[in-house]
$ cat structure32.pdb   # PDB, C-alpha atoms
MODEL        1
ATOM      1  CA  MET A 140     -40.392  82.503  50.997  1.00  0.00           C
ATOM      2  CA  HIS A 141     -44.148  82.251  51.302  1.00  0.00           C
ATOM      3  CA  ALA A 142     -46.638  85.032  51.903  1.00  0.00           C
ATOM      4  CA  ALA A 143     -50.222  85.578  52.951  1.00  0.00           C
ATOM      5  CA  PHE A 144     -52.499  87.058  50.322  1.00  0.00           C
ATOM      6  CA  PHE A 145     -55.626  88.745  51.693  1.00  0.00           C
ATOM      7  CA  VAL A 146     -58.019  88.673  48.754  1.00  0.00           C
ATOM      8  CA  VAL A 147     -60.957  90.985  48.076  1.00  0.00           C
ATOM      9  CA  THR A 148     -63.378  88.827  46.100  1.00  0.00           C
ATOM     10  CA  VAL A 149     -65.595  91.257  44.154  1.00  0.00           C
ATOM     11  CA  PRO A 150     -62.936  92.104  41.513  1.00  0.00           C
ATOM     12  CA  LEU A 151     -61.852  88.499  40.863  1.00  0.00           C
ATOM     13  CA  GLY A 152     -61.710  87.895  37.137  1.00  0.00           C
ATOM     14  CA  LYS A 153     -62.163  91.513  36.140  1.00  0.00           C
ATOM     15  CA  PRO A 154     -59.627  93.077  33.743  1.00  0.00           C
ATOM     16  CA  LYS A 155     -56.316  93.963  35.451  1.00  0.00           C
ATOM     17  CA  TRP A 156     -57.330  92.088  38.635  1.00  0.00           C
ATOM     18  CA  MET A 157     -56.509  88.621  39.869  1.00  0.00           C
ATOM     19  CA  SER A 158     -58.420  85.730  38.373  1.00  0.00           C
ATOM     20  CA  ARG A 159     -59.725  82.694  40.213  1.00  0.00           C
ATOM     21  CA  ASP A 160     -56.917  80.736  38.542  1.00  0.00           C
ATOM     22  CA  ASP A 161     -54.388  83.207  39.989  1.00  0.00           C
ATOM     23  CA  VAL A 162     -55.772  82.596  43.484  1.00  0.00           C
ATOM     24  CA  ARG A 163     -55.635  78.834  42.941  1.00  0.00           C
ATOM     25  CA  ARG A 164     -52.000  79.076  41.766  1.00  0.00           C
ATOM     26  CA  LEU A 165     -51.033  81.075  44.865  1.00  0.00           C
ATOM     27  CA  HIS A 166     -52.570  78.410  47.092  1.00  0.00           C
ATOM     28  CA  ASP A 167     -51.003  75.562  45.124  1.00  0.00           C
ATOM     29  CA  ALA A 168     -47.584  77.250  45.422  1.00  0.00           C
ATOM     30  CA  GLY A 169     -47.854  77.127  49.221  1.00  0.00           C
ATOM     31  CA  HIS A 170     -48.980  80.675  49.930  1.00  0.00           C
ATOM     32  CA  THR A 171     -51.774  81.416  52.398  1.00  0.00           C
ATOM     33  CA  VAL A 172     -54.956  82.649  50.771  1.00  0.00           C
ATOM     34  CA  ALA A 173     -57.015  84.651  53.245  1.00  0.00           C
ATOM     35  CA  ALA A 174     -60.066  86.915  53.131  1.00  0.00           C
ATOM     36  CA  HIS A 175     -60.090  90.698  52.907  1.00  0.00           C
ATOM     37  CA  THR A 176     -63.868  91.118  52.469  1.00  0.00           C
ATOM     38  CA  TYR A 177     -66.059  91.218  49.407  1.00  0.00           C
ATOM     39  CA  ASP A 178     -65.484  94.849  48.445  1.00  0.00           C
ATOM     40  CA  HIS A 179     -63.102  96.397  51.003  1.00  0.00           C
ATOM     41  CA  HIS A 180     -65.574  98.266  53.198  1.00  0.00           C
ATOM     42  CA  ARG A 181     -64.445  99.093  56.744  1.00  0.00           C
ATOM     43  CA  ALA A 182     -65.341  96.306  59.201  1.00  0.00           C
ATOM     44  CA  ASP A 183     -65.954  98.725  62.052  1.00  0.00           C
ATOM     45  CA  ARG A 184     -68.960 100.096  60.136  1.00  0.00           C
ATOM     46  CA  TYR A 185     -70.806  96.865  59.214  1.00  0.00           C
ATOM     47  CA  THR A 186     -74.464  96.436  60.078  1.00  0.00           C
ATOM     48  CA  GLY A 187     -77.186  93.909  59.250  1.00  0.00           C
ATOM     49  CA  THR A 188     -76.391  91.764  56.222  1.00  0.00           C
ATOM     50  CA  ASP A 189     -72.946  93.352  55.779  1.00  0.00           C
ATOM     51  CA  TRP A 190     -71.515  90.626  58.025  1.00  0.00           C
ATOM     52  CA  ASP A 191     -72.609  87.870  55.664  1.00  0.00           C
ATOM     53  CA  THR A 192     -71.600  89.809  52.548  1.00  0.00           C
ATOM     54  CA  GLN A 193     -68.194  90.858  53.855  1.00  0.00           C
ATOM     55  CA  LEU A 194     -67.151  87.864  55.998  1.00  0.00           C
ATOM     56  CA  VAL A 195     -69.083  84.710  55.121  1.00  0.00           C
ATOM     57  CA  GLN A 196     -69.434  84.972  51.341  1.00  0.00           C
ATOM     58  CA  PRO A 197     -65.777  85.833  50.608  1.00  0.00           C
ATOM     59  CA  ARG A 198     -64.623  82.942  52.781  1.00  0.00           C
ATOM     60  CA  ALA A 199     -66.914  80.539  50.907  1.00  0.00           C
ATOM     61  CA  THR A 200     -65.732  81.877  47.534  1.00  0.00           C
ATOM     62  CA  LEU A 201     -62.052  81.471  48.404  1.00  0.00           C
ATOM     63  CA  GLU A 202     -62.602  78.006  49.865  1.00  0.00           C
ATOM     64  CA  ALA A 203     -64.370  76.947  46.663  1.00  0.00           C
ATOM     65  CA  ILE A 204     -61.426  78.200  44.607  1.00  0.00           C
ATOM     66  CA  THR A 205     -58.635  76.701  46.726  1.00  0.00           C
ATOM     67  CA  GLY A 206     -60.365  73.631  48.117  1.00  0.00           C
ATOM     68  CA  ALA A 207     -58.913  74.530  51.518  1.00  0.00           C
ATOM     69  CA  PRO A 208     -60.241  76.222  54.663  1.00  0.00           C
ATOM     70  CA  VAL A 209     -59.904  80.004  54.814  1.00  0.00           C
ATOM     71  CA  ARG A 210     -59.389  80.881  58.463  1.00  0.00           C
ATOM     72  CA  HIS A 211     -57.640  84.266  58.310  1.00  0.00           C
ATOM     73  CA  PHE A 212     -59.092  87.742  57.757  1.00  0.00           C
ATOM     74  CA  ALA A 213     -57.575  91.201  57.261  1.00  0.00           C
ATOM     75  CA  TYR A 214     -59.572  94.241  58.296  1.00  0.00           C
ATOM     76  CA  PRO A 215     -59.851  96.768  55.447  1.00  0.00           C
ATOM     77  CA  TYR A 216     -57.727  99.807  56.261  1.00  0.00           C
ATOM     78  CA  GLY A 217     -56.781  97.964  59.458  1.00  0.00           C
ATOM     79  CA  ASP A 218     -59.914  99.340  61.146  1.00  0.00           C
ATOM     80  CA  TRP A 219     -61.798  97.210  63.639  1.00  0.00           C
ATOM     81  CA  ASP A 220     -63.972  97.456  66.708  1.00  0.00           C
ATOM     82  CA  ALA A 221     -64.198  94.942  69.563  1.00  0.00           C
ATOM     83  CA  SER A 222     -67.817  94.299  68.586  1.00  0.00           C
ATOM     84  CA  ASP A 223     -66.485  92.759  65.331  1.00  0.00           C
ATOM     85  CA  PHE A 224     -64.948  89.805  67.186  1.00  0.00           C
ATOM     86  CA  ALA A 225     -68.159  87.831  67.689  1.00  0.00           C
ATOM     87  CA  HIS A 226     -68.924  88.138  63.974  1.00  0.00           C
ATOM     88  CA  LEU A 227     -65.470  86.884  63.004  1.00  0.00           C
ATOM     89  CA  ASP A 228     -65.909  83.965  65.405  1.00  0.00           C
ATOM     90  CA  GLN A 229     -69.307  83.143  63.937  1.00  0.00           C
ATOM     91  CA  ALA A 230     -67.938  83.328  60.376  1.00  0.00           C
ATOM     92  CA  GLY A 231     -65.223  80.828  61.288  1.00  0.00           C
ATOM     93  CA  TYR A 232     -62.114  82.984  61.297  1.00  0.00           C
ATOM     94  CA  VAL A 233     -59.388  82.198  63.813  1.00  0.00           C
ATOM     95  CA  THR A 234     -57.219  85.251  63.157  1.00  0.00           C
ATOM     96  CA  GLY A 235     -57.854  88.863  62.250  1.00  0.00           C
ATOM     97  CA  TYR A 236     -55.115  91.194  61.008  1.00  0.00           C
ATOM     98  CA  GLN A 237     -54.993  94.927  61.506  1.00  0.00           C
ATOM     99  CA  LEU A 238     -52.308  97.373  60.455  1.00  0.00           C
ATOM    100  CA  ALA A 239     -49.285  98.041  62.639  1.00  0.00           C
ATOM    101  CA  GLU A 240     -50.402 101.401  64.035  1.00  0.00           C
ATOM    102  CA  ARG A 241     -52.833 100.066  66.662  1.00  0.00           C
ATOM    103  CA  PRO A 242     -51.959  97.941  69.675  1.00  0.00           C
ATOM    104  CA  VAL A 243     -53.079  94.338  69.893  1.00  0.00           C
ATOM    105  CA  ASP A 244     -56.287  93.917  71.908  1.00  0.00           C
ATOM    106  CA  PRO A 245     -55.243  92.011  75.056  1.00  0.00           C
ATOM    107  CA  THR A 246     -58.640  90.291  75.299  1.00  0.00           C
ATOM    108  CA  ARG A 247     -58.547  88.947  71.719  1.00  0.00           C
ATOM    109  CA  PRO A 248     -54.960  89.066  70.477  1.00  0.00           C
ATOM    110  CA  LEU A 249     -55.538  86.555  67.664  1.00  0.00           C
ATOM    111  CA  LEU A 250     -58.208  88.826  66.167  1.00  0.00           C
ATOM    112  CA  THR A 251     -55.986  91.923  66.281  1.00  0.00           C
ATOM    113  CA  LEU A 252     -52.668  90.659  64.959  1.00  0.00           C
ATOM    114  CA  ARG A 253     -50.477  93.262  63.321  1.00  0.00           C
ATOM    115  CA  ARG A 254     -49.640  93.021  59.621  1.00  0.00           C
ATOM    116  CA  THR A 255     -47.179  94.842  57.452  1.00  0.00           C
ATOM    117  CA  LEU A 256     -47.967  96.025  53.950  1.00  0.00           C
ATOM    118  CA  VAL A 257     -44.979  95.085  51.803  1.00  0.00           C
ATOM    119  CA  GLY A 258     -43.865  97.573  49.175  1.00  0.00           C
ATOM    120  CA  SER A 259     -43.179  96.167  45.714  1.00  0.00           C
ATOM    121  CA  THR A 260     -39.792  97.923  45.637  1.00  0.00           C
ATOM    122  CA  TRP A 261     -38.546  96.533  48.953  1.00  0.00           C
ATOM    123  CA  ASP A 262     -35.413  94.434  48.973  1.00  0.00           C
ATOM    124  CA  GLY A 263     -34.459  91.868  51.633  1.00  0.00           C
ATOM    125  CA  PRO A 264     -32.963  94.367  54.093  1.00  0.00           C
ATOM    126  CA  ALA A 265     -35.999  96.667  53.841  1.00  0.00           C
ATOM    127  CA  LEU A 266     -38.332  93.736  54.518  1.00  0.00           C
ATOM    128  CA  LEU A 267     -36.277  92.624  57.525  1.00  0.00           C
ATOM    129  CA  ALA A 268     -36.215  96.159  58.895  1.00  0.00           C
ATOM    130  CA  ALA A 269     -40.010  96.413  58.664  1.00  0.00           C
ATOM    131  CA  MET A 270     -40.473  93.009  60.297  1.00  0.00           C
ATOM    132  CA  THR A 271     -38.227  93.843  63.247  1.00  0.00           C
ATOM    133  CA  ARG A 272     -39.619  97.317  63.930  1.00  0.00           C
ATOM    134  CA  PRO A 273     -41.347  97.466  67.348  1.00  0.00           C
TER     135      PRO A 273
ENDMDL
END
$ encode --input "structure32.pdb" --output "structure tokens"
Amino acid sequence: MHAAFFVVTVPLGKPKWMSRDDVRRLHDAGHTVAAHTYDHHRADRYTGTDWDTQLVQPRATLEAITGAPVRHFAYPYGDWDASDFAHLDQAGYVTGYQLAERPVDPTRPLLTLRRTLVGSTWDGPALLAAMTRP
């Protein structure tokens, strides 16, 4: 089974955090490496240069590590605003993932996909139950 890993880039290589080699190994093992901002600030509060810092730079960092395009983004805390969509488009993302509590935006469904946070203690049945919940 493969997974998507939404990586925050500021802690890469710091003690007790993922290293760049860890990210490369995830990609090489067939997992999706995606962006989760530079430092996990809420996307619905970005202004000015935040867009470059939080969207563009992390994508470039992850692409340099994996050698592959990074096209997917997860909103920190699942929070987004419709005004974010143009910035995600400009940064080159094709999907944006929120948390399951909010409905998908009918005008931009690919930028408001729902994601499930997987608990480290979940077994197969618990994962299936979470995936099939409405």
$ resolve_selection --input "structure32.pdb" --expression "the PyMOL selection byres ((chain A and resi 176) around 8)" --output "ChimeraX atom specification"
/A:146-148,174-175,177-180,192-194,197,212-215
$ atom_distance --input "structure32.pdb" --atom1 "CA of Leu252 in chain A" --atom2 "CA of Thr234 in chain A"
7.3 Å
$ closest_residue --input "structure32.pdb" --among "A:Ala182, A:Ala143, A:Val149, A:Leu165" --to "Gln196 in chain A" --atoms "all atoms listed in the file"
A:Val149
$ residues_around --input "structure32.pdb" --residues "range 217-221 of chain A" --least-positions-apart "3" --cutoff "7 Å" --atoms "all atoms listed in the file" --output "PyMOL selection string"
chain A and resi 181-183+214+224+237-238
$ closest_residue --input "structure32.pdb" --among "A:Tyr185, A:Trp190, A:Tyr232, A:Phe145" --to "Leu256 in chain A" --atoms "all atoms listed in the file"
A:Phe145
